[in-house]
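Only one structure is covered here, and it is reproduced in the block below.
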Amino acid sequence: WLKPTPRACEPVCARKCGWGVMAGRAADVAGPAIGRRGAAVLAWWCEFVTLLLTAAYCGILAHDLAAGSDEKRLSSTSWFRQGFCVSWAERGFNSHALCFVGDLLGGGALLRENLRRYRQSHDPRLQVAVAVSGFTVAHGFGHLMIGVVLENDFMANVRPSQVPIAYTALYHTVASVFLSIGPFLGFCNGVPRSLCIATHLFAAFAFLEFVPTQFAFGFVQLYLNAWYCTPRVFLLGTSGPEEISKRVDNGWSMASYGFLALMPVVFAEMMACDSFVMALSGHFLYDGAIVLIAAA
């Protein structure tokens, strides 16, 4: 993944890049309204609650994986069977295809603009914005593979213990690159680089070997939430001027708000797919929310 310079990890990005436009405005509003320390404390609580909700999500999934029938499961039947809330599943153009188009167009536009601004300014803080928009595009291609190329139980086709070594190397490389935004954010928030690399390589292998199809999306959500929120909750305080700056200035606080804001969408897809989410484009609600947060 991108190797950030020290300045690259100061904010999520500057006000002139993808996340930073909305983030800078939010910090301007939050500062006078509740004070900078209040905004820092609010960001900490957002991160902490995001971790709790992520743990609850994993708990519900573990319960449903152990349940013997649909009647005993808490999640929606359609979501559990496919790992996503898929709209128009019987059509050629389903919600996976819509996610691909939305991520490709939205993420691609953000990537192009962030790259243009980075080349003009050479501001290393824009590296994070480039990485996030690049992840959005890669996320879209993941949906293309899941919805068009792979079978329903797609995780069963990528197990390192069941495929030739050449395929294992290929799949591990793809998974490592796709998930690399997680340790990148961890490094930006104080996790040692060596620990980021070692943990990431192991996690990519574990993802391929052990994660069931139903947990594929949940694992990615858990992975990103853990890399971003855990070091900020346990390593970054809310009192000193430097700590407050790292929490509030130039996009960090808005990123924390955004991580928490996505969780209701995650739970709605899991728990209410058959009730109403499928009728509202299914998983595209989540992908669309990510693009909107990045572009606002």
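Chain labels A, B, ... are given in the sequence in which chains occur in the structure tokens; within each chain residues are numbered consecutively from 1, and ligands are likewise numbered from 1 in the order shown.
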Non-local contacts of segment 214-225 of chain A (6 Å; only C-alpha atoms; under 4 positions in same chain excluded) as an MDAnalysis selection string: chainID A and resid 80 83 182 229
Secondary structure check, helix (DSSP H, G or I) residues of segment 77-278 of chain A, as a ChimeraX atom specification: /A:77-82,95-121,126-149,154-157,165-178,181-188,193-210,213-235,241-271,273-278
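With only C-alpha atoms as the atoms that count, the minimum distance from Leu285 of chain A to the choices A:Leu195, A:Val148, A:Val41, A:Leu98 is reached by A:Leu98.
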Atom CA of Ala138 of chain A to atom CA of Val177 of chain A, straight-line distance in Å: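 So the two atoms, atom CA of Val177 of chain A and atom CA of Ala138 of chain A, lie 9.1 Å apart.
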Exercise: Val233 of chain A partners within 12 Å, only C-alpha atoms, chain neighbours under 3 positions left out, as a list in words: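 Answer for this query is Ala40, Val41, Leu42, Ala43, Trp44, Trp45, Cys46, Glu47, Phe48, Val49, Thr50, Leu51, Leu52, Gly186, Asn189, Gly190, Asn225, Ala226, Trp227, Tyr228, Cys229, Thr230, Leu236, Gly237, Thr238, Glu243, Arg247 and Ser256 of chain A.
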